[in-house]
file work.pdb (PDB, C-alpha atoms)
MODEL        1
ATOM      1  CA  MET R1226     -44.359 -78.748  54.717
ATOM      2  CA  LEU R1227     -41.530 -76.349  55.351
ATOM      3  CA  LEU R1228     -42.119 -72.664  55.260
ATOM      4  CA  VAL R1229     -39.125 -70.588  53.962
ATOM      5  CA  PRO R1230     -39.029 -67.140  55.430
ATOM      6  CA  GLN R1231     -38.743 -64.328  52.834
ATOM      7  CA  ALA R1232     -37.026 -61.017  53.177
ATOM      8  CA  PRO R1233     -39.375 -58.105  53.476
ATOM      9  CA  VAL R1234     -39.841 -56.286  50.200
ATOM     10  CA  SER R1235     -39.413 -52.551  50.535
ATOM     11  CA  ALA R1236     -41.610 -50.210  48.579
ATOM     12  CA  PRO R1237     -39.912 -48.739  45.499
ATOM     13  CA  GLN R1238     -38.522 -45.275  46.060
ATOM     14  CA  PRO R1239     -39.572 -42.605  43.566
ATOM     15  CA  GLN R1240     -36.638 -41.454  41.393
ATOM     16  CA  ALA R1241     -36.190 -37.850  40.427
ATOM     17  CA  PRO R1242     -36.127 -37.305  36.690
ATOM     18  CA  LEU R1243     -32.730 -36.756  35.206
ATOM     19  CA  CYS R1244     -33.886 -33.670  33.422
ATOM     20  CA  SER R1245     -37.339 -32.304  34.057
ATOM     21  CA  PRO R1246     -38.029 -28.691  33.128
ATOM     22  CA  GLY R1247     -39.907 -26.836  35.765
ATOM     23  CA  ALA R1248     -39.388 -29.458  38.509
ATOM     24  CA  PRO R1249     -37.186 -28.477  41.430
ATOM     25  CA  PRO R1250     -33.939 -30.422  41.478
ATOM     26  CA  SER R1251     -33.661 -33.128  44.081
ATOM     27  CA  PRO R1252     -31.236 -32.591  46.878
ATOM     28  CA  SER R1253     -27.820 -33.940  46.087
ATOM     29  CA  PRO R1254     -24.866 -34.715  48.265
ATOM     30  CA  ALA R1255     -22.191 -32.121  48.774
ATOM     31  CA  PRO R1256     -20.014 -31.845  45.666
ATOM     32  CA  SER R1257     -16.572 -33.286  45.804
ATOM     33  CA  PRO R1258     -13.571 -31.092  45.050
ATOM     34  CA  ALA R1259     -13.123 -30.528  41.298
ATOM     35  CA  SER R1260     -10.272 -32.281  39.603
ATOM     36  CA  PRO R1261      -7.682 -30.355  37.568
ATOM     37  CA  ALA R1262      -9.189 -31.704  34.343
ATOM     38  CA  GLU R1263     -12.603 -30.353  35.348
ATOM     39  CA  LEU R1264     -11.098 -26.953  36.148
ATOM     40  CA  VAL R1265      -9.412 -26.761  32.751
ATOM     41  CA  THR R1266     -12.616 -27.812  31.001
ATOM     42  CA  GLY R1267     -14.635 -25.136  32.778
ATOM     43  CA  ALA R1268     -12.256 -22.275  31.978
ATOM     44  CA  PRO R1269     -13.346 -21.623  28.363
ATOM     45  CA  ILE R1270     -16.985 -22.064  29.406
ATOM     46  CA  ALA R1271     -16.647 -19.316  31.992
ATOM     47  CA  ALA R1272     -14.849 -17.059  29.510
ATOM     48  CA  ALA R1273     -17.551 -17.546  26.901
ATOM     49  CA  ALA R1274     -20.229 -16.866  29.497
ATOM     50  CA  VAL R1275     -18.641 -13.490  30.236
ATOM     51  CA  VAL R1276     -18.433 -12.559  26.557
ATOM     52  CA  ILE R1277     -21.791 -13.780  25.290
ATOM     53  CA  PRO R1278     -24.119 -14.511  28.244
ATOM     54  CA  SER R1279     -27.113 -14.959  25.982
ATOM     55  CA  ILE R1280     -25.445 -17.924  24.253
ATOM     56  CA  ILE R1281     -24.908 -19.551  27.621
ATOM     57  CA  GLU R1282     -28.506 -19.071  28.659
ATOM     58  CA  TRP R1283     -29.775 -20.511  25.375
ATOM     59  CA  GLN R1284     -27.517 -23.545  25.635
ATOM     60  CA  GLN R1285     -28.378 -24.241  29.251
ATOM     61  CA  GLY R1286     -32.143 -23.681  28.762
ATOM     62  CA  SER R1287     -33.807 -26.821  30.007
ATOM     63  CA  THR R1288     -30.585 -28.727  30.569
ATOM     64  CA  GLN R1289     -29.299 -26.756  33.496
ATOM     65  CA  ASP R1290     -27.416 -28.921  36.000
ATOM     66  CA  CYS R1291     -27.387 -31.742  33.438
ATOM     67  CA  LEU R1292     -25.098 -31.297  30.421
ATOM     68  CA  PRO R1293     -21.883 -29.265  29.987
ATOM     69  CA  LEU R1294     -21.647 -26.432  27.422
ATOM     70  CA  SER R1295     -20.581 -27.885  24.074
ATOM     71  CA  ALA R1296     -17.399 -26.899  22.254
ATOM     72  CA  TRP R1297     -19.499 -25.679  19.329
ATOM     73  CA  SER R1298     -21.127 -23.043  21.506
ATOM     74  CA  VAL R1299     -17.762 -21.920  22.831
ATOM     75  CA  GLY R1300     -16.480 -21.406  19.289
ATOM     76  CA  THR R1301     -19.643 -19.556  18.335
ATOM     77  CA  ALA R1302     -19.337 -17.266  21.330
ATOM     78  CA  ILE R1303     -15.731 -16.422  20.535
ATOM     79  CA  ALA R1304     -16.520 -15.818  16.862
ATOM     80  CA  LEU R1305     -19.390 -13.512  17.720
ATOM     81  CA  ALA R1306     -17.187 -11.641  20.161
ATOM     82  CA  PHE R1307     -14.674 -10.852  17.378
ATOM     83  CA  LEU R1308     -17.285 -10.113  14.702
ATOM     84  CA  PRO R1309     -17.766  -6.385  15.532
ATOM     85  CA  PHE R1310     -13.994  -5.896  15.558
ATOM     86  CA  ILE R1311     -13.617  -7.522  12.129
ATOM     87  CA  VAL R1312     -16.481  -5.504  10.661
ATOM     88  CA  THR R1313     -14.944  -2.293  12.013
ATOM     89  CA  LEU R1314     -11.601  -3.111  10.381
ATOM     90  CA  LEU R1315     -13.256  -3.860   7.046
ATOM     91  CA  ILE R1316     -15.143  -0.566   7.092
ATOM     92  CA  ARG R1317     -12.172   1.497   8.228
ATOM     93  CA  TYR R1318      -9.659   0.040   5.753
ATOM     94  CA  ARG R1319     -11.979  -0.648   2.825
ATOM     95  CA  HIS R1320     -10.069   1.759   0.556
ATOM     96  CA  TYR R1321      -6.781  -0.015   1.258
ATOM     97  CA  LEU R1322      -8.421  -3.363   0.559
ATOM     98  CA  MET R1323      -9.701  -2.006  -2.734
ATOM     99  CA  LEU R1324      -6.178  -0.807  -3.551
ATOM    100  CA  LEU R1325      -4.845  -4.283  -2.807
ATOM    101  CA  TYR R1326      -7.503  -5.793  -5.030
ATOM    102  CA  ARG R1327      -6.916  -3.463  -8.008
ATOM    103  CA  ALA R1328      -3.144  -3.043  -7.787
ATOM    104  CA  VAL R1329      -2.205  -6.638  -6.944
ATOM    105  CA  LEU R1330      -4.928  -9.230  -7.451
ATOM    106  CA  VAL R1331      -6.431  -7.896 -10.686
ATOM    107  CA  ALA R1332      -2.998  -7.253 -12.192
ATOM    108  CA  TRP R1333      -1.782 -10.733 -11.263
ATOM    109  CA  LEU R1334      -4.852 -12.392 -12.751
ATOM    110  CA  ARG R1335      -4.705 -10.433 -16.012
ATOM    111  CA  ASP R1336      -0.963 -11.050 -16.332
ATOM    112  CA  ARG R1337      -1.677 -14.779 -16.234
ATOM    113  CA  LEU R1338      -4.623 -14.615 -18.607
ATOM    114  CA  THR R1339      -3.063 -12.317 -21.225
ATOM    115  CA  GLY R1340       0.618 -13.208 -20.951
ATOM    116  CA  THR R1341       1.551  -9.493 -20.934
ATOM    117  CA  SER R1342       2.332  -7.044 -18.136
ATOM    118  CA  ARG R1343      -0.049  -4.274 -17.145
ATOM    119  CA  GLU R1344       2.533  -1.689 -18.276
ATOM    120  CA  GLN R1345       2.439  -3.199 -21.758
ATOM    121  CA  ARG R1346      -1.356  -3.284 -21.675
ATOM    122  CA  ALA R1347      -1.371   0.400 -20.692
ATOM    123  CA  PHE R1348       0.871   1.243 -23.641
ATOM    124  CA  GLN R1349      -1.435  -0.626 -26.024
ATOM    125  CA  TYR R1350      -4.273   1.472 -24.638
ATOM    126  CA  LEU R1351      -2.231   4.624 -25.328
ATOM    127  CA  LEU R1352      -1.625   3.558 -28.915
ATOM    128  CA  ALA R1353      -5.352   3.059 -29.410
ATOM    129  CA  HIS R1354      -6.636   6.218 -27.697
ATOM    130  CA  ALA R1355      -3.903   8.851 -27.244
ATOM    131  CA  ILE R1356      -2.851  11.528 -29.725
ATOM    132  CA  PRO R1357       0.831  11.065 -30.678
ATOM    133  CA  GLY R1358       2.983  14.109 -30.029
ATOM    134  CA  ASP R1359       0.517  15.582 -27.479
ATOM    135  CA  PRO R1360       1.986  15.095 -23.967
ATOM    136  CA  HIS R1361      -1.065  16.509 -22.221
ATOM    137  CA  HIS R1362      -3.436  14.129 -24.004
ATOM    138  CA  ILE R1363      -1.114  11.186 -23.329
ATOM    139  CA  LEU R1364      -1.228  11.960 -19.588
ATOM    140  CA  GLN R1365      -5.018  12.223 -19.726
ATOM    141  CA  THR R1366      -5.215   8.843 -21.476
ATOM    142  CA  PHE R1367      -2.970   7.352 -18.803
ATOM    143  CA  ASP R1368      -5.325   8.711 -16.141
ATOM    144  CA  GLN R1369      -8.361   7.200 -17.864
ATOM    145  CA  TRP R1370      -6.646   3.820 -17.964
ATOM    146  CA  CYS R1371      -5.730   3.976 -14.276
ATOM    147  CA  TYR R1372      -9.163   5.138 -13.145
ATOM    148  CA  HIS R1373     -11.236   2.700 -15.204
ATOM    149  CA  CYS R1374      -9.008  -0.240 -16.171
ATOM    150  CA  GLU R1375      -5.977  -1.069 -14.029
ATOM    151  CA  HIS R1376      -4.007   0.744 -11.364
ATOM    152  CA  LEU R1377      -0.524   2.062 -12.154
ATOM    153  CA  SER R1378       1.720   3.605  -9.534
ATOM    154  CA  CYS R1379       2.225   6.905 -11.351
ATOM    155  CA  VAL R1380       2.294  10.346  -9.756
ATOM    156  CA  GLY R1381      -1.256  10.963 -11.012
ATOM    157  CA  PRO R1382      -3.115  14.183 -11.808
ATOM    158  CA  ASP R1383      -3.563  15.564  -8.266
ATOM    159  CA  LYS R1384       0.084  15.429  -7.237
ATOM    160  CA  GLY R1385       1.048  16.121 -10.831
ATOM    161  CA  ARG R1386      -0.282  19.650 -10.432
ATOM    162  CA  ILE R1387       2.133  20.170  -7.534
ATOM    163  CA  VAL R1388       5.026  19.057  -9.745
ATOM    164  CA  GLU R1389       3.880  21.370 -12.554
ATOM    165  CA  ARG R1390       3.712  24.337 -10.192
ATOM    166  CA  VAL R1391       7.236  23.720  -8.883
ATOM    167  CA  LEU R1392       8.548  23.383 -12.439
ATOM    168  CA  LEU R1393       6.954  26.691 -13.368
ATOM    169  CA  GLU R1394       8.420  28.431 -10.320
ATOM    170  CA  ARG R1395      11.955  27.007 -10.566
ATOM    171  CA  ALA R1396      12.368  26.711 -14.374
ATOM    172  CA  PRO R1397      15.202  24.148 -13.994
ATOM    173  CA  LEU R1398      17.645  23.562 -16.847
ATOM    174  CA  ARG R1399      18.949  20.192 -15.600
ATOM    175  CA  VAL R1400      16.407  17.746 -14.177
ATOM    176  CA  LEU R1401      17.067  14.277 -12.769
ATOM    177  CA  GLU R1402      14.286  11.723 -12.314
ATOM    178  CA  LEU R1403      14.805   8.597 -10.219
ATOM    179  CA  GLY R1404      12.236   5.980 -11.190
ATOM    180  CA  THR R1405      10.974   6.276 -14.779
ATOM    181  CA  TYR R1406       8.545   3.355 -14.435
ATOM    182  CA  CYS R1407       6.234   3.544 -17.471
ATOM    183  CA  GLY R1408       7.062   7.147 -18.398
ATOM    184  CA  TYR R1409       4.150   9.070 -16.865
ATOM    185  CA  GLY R1410       6.311  11.241 -14.615
ATOM    186  CA  THR R1411       8.880  11.675 -17.369
ATOM    187  CA  VAL R1412       6.291  13.097 -19.773
ATOM    188  CA  LEU R1413       4.930  15.301 -16.984
ATOM    189  CA  LEU R1414       8.385  16.725 -16.270
ATOM    190  CA  ALA R1415       9.431  17.055 -19.906
ATOM    191  CA  GLN R1416       6.376  19.057 -20.934
ATOM    192  CA  GLY R1417       7.123  21.634 -18.236
ATOM    193  CA  LEU R1418      10.802  22.165 -19.049
ATOM    194  CA  PRO R1419      11.952  25.593 -20.237
ATOM    195  CA  PRO R1420      13.633  25.844 -23.667
ATOM    196  CA  GLY R1421      17.120  24.334 -23.730
ATOM    197  CA  ALA R1422      16.578  22.198 -20.605
ATOM    198  CA  ARG R1423      17.467  18.510 -20.417
ATOM    199  CA  LEU R1424      15.941  15.665 -18.429
ATOM    200  CA  TYR R1425      17.863  12.600 -17.253
ATOM    201  CA  THR R1426      15.663   9.748 -16.067
ATOM    202  CA  ILE R1427      16.863   6.500 -14.448
ATOM    203  CA  GLU R1428      14.962   3.199 -14.411
ATOM    204  CA  GLY R1429      16.276   0.026 -12.826
ATOM    205  CA  ASP R1430      13.883  -2.476 -14.451
ATOM    206  CA  PRO R1431      14.680  -3.100 -18.153
ATOM    207  CA  ARG R1432      11.098  -4.205 -18.854
ATOM    208  CA  HIS R1433       9.665  -0.973 -17.522
ATOM    209  CA  ALA R1434      12.353   1.000 -19.320
ATOM    210  CA  ALA R1435      11.363  -0.568 -22.649
ATOM    211  CA  VAL R1436       7.755   0.580 -22.176
ATOM    212  CA  ALA R1437       8.820   4.021 -20.937
ATOM    213  CA  GLU R1438      11.053   4.557 -23.976
ATOM    214  CA  LYS R1439       8.056   4.041 -26.281
ATOM    215  CA  VAL R1440       5.841   6.326 -24.201
ATOM    216  CA  ILE R1441       8.430   9.122 -24.149
ATOM    217  CA  ARG R1442       8.930   8.997 -27.906
ATOM    218  CA  LEU R1443       5.171   8.724 -28.487
ATOM    219  CA  ALA R1444       4.807  11.992 -26.575
ATOM    220  CA  GLY R1445       7.217  13.630 -28.993
ATOM    221  CA  PHE R1446      10.376  14.053 -26.896
ATOM    222  CA  SER R1447      13.717  13.295 -28.507
ATOM    223  CA  GLU R1448      16.878  11.938 -26.916
ATOM    224  CA  GLN R1449      18.319  15.459 -26.886
ATOM    225  CA  THR R1450      15.559  16.495 -24.455
ATOM    226  CA  VAL R1451      15.020  13.273 -22.489
ATOM    227  CA  GLU R1452      17.778  10.716 -21.879
ATOM    228  CA  LEU R1453      16.655   7.390 -20.452
ATOM    229  CA  ILE R1454      19.320   5.555 -18.447
ATOM    230  CA  VAL R1455      18.754   1.910 -17.552
ATOM    231  CA  GLY R1456      20.360   0.546 -14.387
ATOM    232  CA  PRO R1457      20.163   0.566 -10.588
ATOM    233  CA  SER R1458      20.214   4.108  -9.240
ATOM    234  CA  GLU R1459      23.007   3.366  -6.777
ATOM    235  CA  GLU R1460      25.217   2.370  -9.720
ATOM    236  CA  VAL R1461      24.140   5.079 -12.164
ATOM    237  CA  ILE R1462      24.344   8.120  -9.857
ATOM    238  CA  PRO R1463      28.139   7.926  -9.330
ATOM    239  CA  ARG R1464      28.644   7.842 -13.139
ATOM    240  CA  LEU R1465      26.284  10.670 -14.099
ATOM    241  CA  ARG R1466      28.984  13.309 -14.413
ATOM    242  CA  GLU R1467      31.632  11.286 -16.235
ATOM    243  CA  LYS R1468      29.423   9.114 -18.456
ATOM    244  CA  HIS R1469      26.330  11.241 -19.068
ATOM    245  CA  GLY R1470      27.614  14.775 -18.682
ATOM    246  CA  LEU R1471      25.351  15.866 -15.816
ATOM    247  CA  MET R1472      27.444  18.291 -13.777
ATOM    248  CA  ASN R1473      24.670  18.964 -11.253
ATOM    249  CA  ALA R1474      20.880  18.990 -11.134
ATOM    250  CA  ASN R1475      18.619  21.957 -10.451
ATOM    251  CA  LEU R1476      15.653  19.682  -9.737
ATOM    252  CA  VAL R1477      15.435  16.033  -8.680
ATOM    253  CA  PHE R1478      12.199  14.045  -8.771
ATOM    254  CA  MET R1479      12.180  10.823  -6.733
ATOM    255  CA  ASP R1480       9.501   8.257  -7.487
ATOM    256  CA  HIS R1481      11.285   4.899  -7.252
ATOM    257  CA  TRP R1482      11.675   2.528  -4.274
ATOM    258  CA  LYS R1483      10.848   4.508  -1.128
ATOM    259  CA  ARG R1484      13.484   2.717   0.918
ATOM    260  CA  SER R1485      16.087   4.028  -1.553
ATOM    261  CA  TYR R1486      15.195   7.713  -1.142
ATOM    262  CA  LEU R1487      17.630   8.423   1.676
ATOM    263  CA  ARG R1488      20.452   6.361   0.197
ATOM    264  CA  ASP R1489      20.210   8.080  -3.186
ATOM    265  CA  LEU R1490      19.920  11.533  -1.646
ATOM    266  CA  ARG R1491      23.179  10.958   0.202
ATOM    267  CA  LEU R1492      24.765   9.703  -3.013
ATOM    268  CA  LEU R1493      23.765  12.906  -4.771
ATOM    269  CA  GLU R1494      25.306  14.898  -1.928
ATOM    270  CA  SER R1495      28.538  12.940  -1.813
ATOM    271  CA  HIS R1496      29.071  13.223  -5.585
ATOM    272  CA  GLN R1497      28.174  16.942  -5.553
ATOM    273  CA  LEU R1498      25.335  16.510  -8.023
ATOM    274  CA  LEU R1499      23.011  18.990  -6.307
ATOM    275  CA  ALA R1500      23.279  22.563  -7.530
ATOM    276  CA  GLU R1501      23.073  25.359  -4.980
ATOM    277  CA  GLY R1502      19.395  25.958  -4.232
ATOM    278  CA  ALA R1503      18.359  22.740  -5.971
ATOM    279  CA  THR R1504      14.848  21.402  -5.390
ATOM    280  CA  ILE R1505      14.163  17.771  -4.525
ATOM    281  CA  LEU R1506      10.626  16.429  -4.927
ATOM    282  CA  ALA R1507       9.868  13.015  -3.382
ATOM    283  CA  ASP R1508       6.563  11.276  -4.060
ATOM    284  CA  ASN R1509       4.665   8.910  -1.716
ATOM    285  CA  VAL R1510       6.406  10.090   1.458
ATOM    286  CA  LEU R1511       3.215   9.500   3.490
ATOM    287  CA  PHE R1512       1.948   6.341   1.774
ATOM    288  CA  PRO R1513       3.643   3.891   1.548
ATOM    289  CA  GLY R1514       5.926   6.356   3.330
ATOM    290  CA  ALA R1515       9.598   7.290   3.647
ATOM    291  CA  PRO R1516      10.031   8.171   7.348
ATOM    292  CA  HIS R1517      13.835   7.919   7.469
ATOM    293  CA  PHE R1518      14.151  10.155   4.418
ATOM    294  CA  LEU R1519      11.871  12.788   5.963
ATOM    295  CA  GLN R1520      13.649  12.640   9.311
ATOM    296  CA  TYR R1521      17.032  13.155   7.655
ATOM    297  CA  ALA R1522      15.778  16.027   5.495
ATOM    298  CA  LYS R1523      14.304  17.821   8.506
ATOM    299  CA  THR R1524      17.224  17.344  10.918
ATOM    300  CA  CYS R1525      20.451  17.325   8.865
ATOM    301  CA  GLY R1526      20.483  21.092   8.393
ATOM    302  CA  LYS R1527      21.023  20.963   4.608
ATOM    303  CA  TYR R1528      17.443  21.445   3.476
ATOM    304  CA  HIS R1529      14.349  23.507   3.941
ATOM    305  CA  CYS R1530      11.638  20.849   3.944
ATOM    306  CA  LYS R1531       7.871  20.941   3.574
ATOM    307  CA  VAL R1532       5.289  18.320   2.683
ATOM    308  CA  HIS R1533       2.461  19.010   0.234
ATOM    309  CA  ARG R1534      -0.433  16.899   1.436
ATOM    310  CA  ALA R1535      -2.565  15.262  -1.233
ATOM    311  CA  SER R1536      -4.171  11.899  -1.942
ATOM    312  CA  LEU R1537      -2.746   8.690  -3.331
ATOM    313  CA  GLU R1538      -2.790   8.479  -7.106
ATOM    314  CA  TYR R1539      -6.245   7.389  -8.305
ATOM    315  CA  PHE R1540      -7.459   6.767  -4.703
ATOM    316  CA  ARG R1541      -8.719  10.051  -3.267
ATOM    317  CA  ALA R1542      -9.682   8.480   0.069
ATOM    318  CA  ILE R1543      -6.077   7.434   0.884
ATOM    319  CA  PRO R1544      -3.916  10.336   2.133
ATOM    320  CA  ASP R1545      -0.450  10.863   0.678
ATOM    321  CA  GLY R1546       1.939  13.705  -0.022
ATOM    322  CA  ILE R1547       4.973  15.030  -1.884
ATOM    323  CA  ALA R1548       7.998  16.313   0.027
ATOM    324  CA  GLU R1549       9.678  19.435  -1.328
ATOM    325  CA  LEU R1550      13.278  19.999  -0.225
ATOM    326  CA  ARG R1551      15.306  23.121  -0.960
ATOM    327  CA  TYR R1552      19.038  22.384  -0.841
ATOM    328  CA  THR R1553      21.094  24.931   1.090
ATOM    329  CA  GLY R1554      24.333  22.958   1.379
ATOM    330  CA  THR R1555      24.853  24.091   4.985
ATOM    331  CA  ARG R1556      25.191  21.855   8.016
TER
ENDMDL
END

call {"tool": "encode", "arguments": {"input": "work.pdb", "output": "structure tokens"}}
result
Amino acid sequence: MLLVPQAPVSAPQPQAPLCSPGAPPSPSPAPSPASPAELVTGAPIAAAAVVIPSIIEWQQGSTQDCLPLSAWSVGTAIALAFLPFIVTLLIRYRHYLMLLYRAVLVAWLRDRLTGTSREQRAFQYLLAHAIPGDPHHILQTFDQWCYHCEHLSCVGPDKGRIVERVLLERAPLRVLELGTYCGYGTVLLAQGLPPGARLYTIEGDPRHAAVAEKVIRLAGFSEQTVELIVGPSEEVIPRLREKHGLMNANLVFMDHWKRSYLRDLRLLESHQLLAEGATILADNVLFPGAPHFLQYAKTCGKYHCKVHRASLEYFRAIPDGIAELRYTGTR
């Protein structure tokens, strides 16, 4: 009988658990140098650990030295890092967001649902609630609509008082308005005119002009007192003297596109449509703003300029202002 020698059987070596909370990790060989891929993978983990260390500790917990930080935790850490910044922006600019909601989103939605513009809806509200022939009551009804229904970019009651005060002080006989819109500013100006004065108002959008015409006549002003001219201001201004008989204006009220303020002011100068000592009122010079217009008025040497600070129409928390320029004609 042959005996086959067998290899000695060694006793099994105890293996350290892959992941055992509370147990000291087993000694491991010296780590090899990290590859470029490993360095790139570890970069966002290190960044997240700096931003939100508590997230890192929670993720590692009992899996330290075992599993890498997941991409979900990295995204959570970054999102939480930006959360205070986003909340601060929402709180700081909440009034501007509300303006965006009321002036743009609500108007767009109701335009689609009703098939009419908000200017037309405002006029229907005037017909139902305003007293015909009473300019003051028509302005009050406009204000009620803008406060409680939909926002309209009119001069509003707060800045309207500034306009009324200037009208009372200057008593202009020839007034030019740039930007009729729906007729709010036109009615405001017309009711403060002295006897025998005439108001010329220019509107570039025919749809707005059609609504403004109805509002002006509803307030009781005839064509002899208020003349509505439809067309772009840069085309109408050069023809005011020859076609409409306006030799020069004692007061100009600007409430159209803010980027057109400076261009139209220079047109009035070049066509000599500003009377000596004429007053120019420009709305919304702080919000949305007309910085180039203000810079020119303050530095050209032709005007004495001051800004009446107020609030944006129907949004008291948003600062705005009206610029008042006194034309001297000097350089």

call {"tool": "atom_distance", "arguments": {"input": "work.pdb", "atom1": "CA of Tyr1372 (chain R)", "atom2": "CA of Val1510 (chain R)"}}
result
21.9 Å

call {"tool": "atom_distance", "arguments": {"input": "work.pdb", "atom1": "CA of Glu1538 (chain R)", "atom2": "CA of Leu1492 (chain R)"}}
result
27.9 Å

call {"tool": "residues_around", "arguments": {"input": "work.pdb", "residues": "Ala1542 (chain R)", "least_positions_apart": "4", "cutoff": "9 Å", "atoms": "all atoms listed in the file", "output": "mmCIF file with C-alpha atoms, keeping the file's coordinate frame"}}
result
data_model
loop_
_atom_site.group_PDB
_atom_site.id
_atom_site.type_symbol
_atom_site.label_atom_id
_atom_site.label_comp_id
_atom_site.auth_asym_id
_atom_site.auth_seq_id
_atom_site.Cartn_x
_atom_site.Cartn_y
_atom_site.Cartn_z
ATOM 1 C CA HIS R 1320 -10.069 1.759 0.556
ATOM 2 C CA SER R 1536 -4.171 11.899 -1.942
ATOM 3 C CA LEU R 1537 -2.746 8.690 -3.331
#

call {"tool": "residues_around", "arguments": {"input": "work.pdb", "residues": "region 1354-1362 of chain R", "least_positions_apart": "5", "cutoff": "12 Å", "atoms": "all atoms listed in the file", "output": "VMD selection string"}}
result
chain R and resid 1347 to 1349 1367 to 1370 1382 1385 1389 1408 to 1417 1439 to 1447

call {"tool": "resolve_selection", "arguments": {"input": "work.pdb", "expression": "the PyMOL selection byres ((chain R and resi 1481) around 7)", "output": "list in words"}}
result
Leu1403, Gly1404, Met1479, Asp1480, Trp1482 and Lys1483 of chain R

call {"tool": "resolve_selection", "arguments": {"input": "work.pdb", "expression": "the PyMOL selection byres ((chain R and resi 1477) around 10)", "output": "ChimeraX atom specification"}}
result
/R:1397,1399-1403,1424-1426,1474-1476,1478-1480,1490,1493,1498-1499,1503-1507,1549-1550

call {"tool": "write_last_selection", "arguments": {"input": "work.pdb", "atoms": "C-alpha atoms", "output": "CSV table (one decimal), in the coordinates of the input"}}
result
chain,number,residue,atom,x,y,z
R,1397,PRO,CA,15.2,24.1,-14.0
R,1399,ARG,CA,18.9,20.2,-15.6
R,1400,VAL,CA,16.4,17.7,-14.2
R,1401,LEU,CA,17.1,14.3,-12.8
R,1402,GLU,CA,14.3,11.7,-12.3
R,1403,LEU,CA,14.8,8.6,-10.2
R,1424,LEU,CA,15.9,15.7,-18.4
R,1425,TYR,CA,17.9,12.6,-17.3
R,1426,THR,CA,15.7,9.7,-16.1
R,1474,ALA,CA,20.9,19.0,-11.1
R,1475,ASN,CA,18.6,22.0,-10.5
R,1476,LEU,CA,15.7,19.7,-9.7
R,1478,PHE,CA,12.2,14.0,-8.8
R,1479,MET,CA,12.2,10.8,-6.7
R,1480,ASP,CA,9.5,8.3,-7.5
R,1490,LEU,CA,19.9,11.5,-1.6
R,1493,LEU,CA,23.8,12.9,-4.8
R,1498,LEU,CA,25.3,16.5,-8.0
R,1499,LEU,CA,23.0,19.0,-6.3
R,1503,ALA,CA,18.4,22.7,-6.0
R,1504,THR,CA,14.8,21.4,-5.4
R,1505,ILE,CA,14.2,17.8,-4.5
R,1506,LEU,CA,10.6,16.4,-4.9
R,1507,ALA,CA,9.9,13.0,-3.4
R,1549,GLU,CA,9.7,19.4,-1.3
R,1550,LEU,CA,13.3,20.0,-0.2

call {"tool": "residues_around", "arguments": {"input": "work.pdb", "residues": "Gly1456 (chain R)", "least_positions_apart": "2", "cutoff": "12 Å", "atoms": "all atoms listed in the file", "output": "list in words"}}
result
Leu1403, Gly1404, Thr1405, Thr1426, Ile1427, Glu1428, Gly1429, Asp1430, Pro1431, Arg1432, His1433, Ala1434, Leu1453, Ile1454, Ser1458, Glu1459, Glu1460, Val1461, Ile1462, Pro1463, Arg1464 and Leu1465 of chain R

call {"tool": "write_last_selection", "arguments": {"input": "work.pdb", "atoms": "C-alpha atoms", "output": "compact mmCIF listing (two decimals), in the frame of the given file"}}
result
# COMPACT_ATOMS: atom_id res chain seq x y z
CA LEU R 1403 14.80 8.60 -10.22
CA GLY R 1404 12.24 5.98 -11.19
CA THR R 1405 10.97 6.28 -14.78
CA THR R 1426 15.66 9.75 -16.07
CA ILE R 1427 16.86 6.50 -14.45
CA GLU R 1428 14.96 3.20 -14.41
CA GLY R 1429 16.28 0.03 -12.83
CA ASP R 1430 13.88 -2.48 -14.45
CA PRO R 1431 14.68 -3.10 -18.15
CA ARG R 1432 11.10 -4.20 -18.85
CA HIS R 1433 9.66 -0.97 -17.52
CA ALA R 1434 12.35 1.00 -19.32
CA LEU R 1453 16.66 7.39 -20.45
CA ILE R 1454 19.32 5.56 -18.45
CA SER R 1458 20.21 4.11 -9.24
CA GLU R 1459 23.01 3.37 -6.78
CA GLU R 1460 25.22 2.37 -9.72
CA VAL R 1461 24.14 5.08 -12.16
CA ILE R 1462 24.34 8.12 -9.86
CA PRO R 1463 28.14 7.93 -9.33
CA ARG R 1464 28.64 7.84 -13.14
CA LEU R 1465 26.28 10.67 -14.10

call {"tool": "atom_distance", "arguments": {"input": "work.pdb", "atom1": "CA of Pro1419 (chain R)", "atom2": "CA of Ala1396 (chain R)"}}
result
6.0 Å

call {"tool": "resolve_selection", "arguments": {"input": "work.pdb", "expression": "the PyMOL selection byres ((chain R and resi 1374) around 12)", "output": "list in words"}}
result
Arg1327, Ala1328, Val1331, Ala1332, Arg1335, Arg1343, Glu1344, Arg1346, Ala1347, Tyr1350, Thr1366, Phe1367, Asp1368, Gln1369, Trp1370, Cys1371, Tyr1372, His1373, Glu1375, His1376, Leu1377 and Tyr1539 of chain R

call {"tool": "write_last_selection", "arguments": {"input": "work.pdb", "atoms": "C-alpha atoms", "output": "short mmCIF file (atom, residue, chain, number, x, y, z; two decimals), in the frame of the given file"}}
result
data_model
loop_
_atom_site.label_atom_id
_atom_site.label_comp_id
_atom_site.auth_asym_id
_atom_site.auth_seq_id
_atom_site.Cartn_x
_atom_site.Cartn_y
_atom_site.Cartn_z
CA ARG R 1327 -6.92 -3.46 -8.01
CA ALA R 1328 -3.14 -3.04 -7.79
CA VAL R 1331 -6.43 -7.90 -10.69
CA ALA R 1332 -3.00 -7.25 -12.19
CA ARG R 1335 -4.70 -10.43 -16.01
CA ARG R 1343 -0.05 -4.27 -17.14
CA GLU R 1344 2.53 -1.69 -18.28
CA ARG R 1346 -1.36 -3.28 -21.68
CA ALA R 1347 -1.37 0.40 -20.69
CA TYR R 1350 -4.27 1.47 -24.64
CA THR R 1366 -5.22 8.84 -21.48
CA PHE R 1367 -2.97 7.35 -18.80
CA ASP R 1368 -5.32 8.71 -16.14
CA GLN R 1369 -8.36 7.20 -17.86
CA TRP R 1370 -6.65 3.82 -17.96
CA CYS R 1371 -5.73 3.98 -14.28
CA TYR R 1372 -9.16 5.14 -13.14
CA HIS R 1373 -11.24 2.70 -15.20
CA GLU R 1375 -5.98 -1.07 -14.03
CA HIS R 1376 -4.01 0.74 -11.36
CA LEU R 1377 -0.52 2.06 -12.15
CA TYR R 1539 -6.24 7.39 -8.30
#
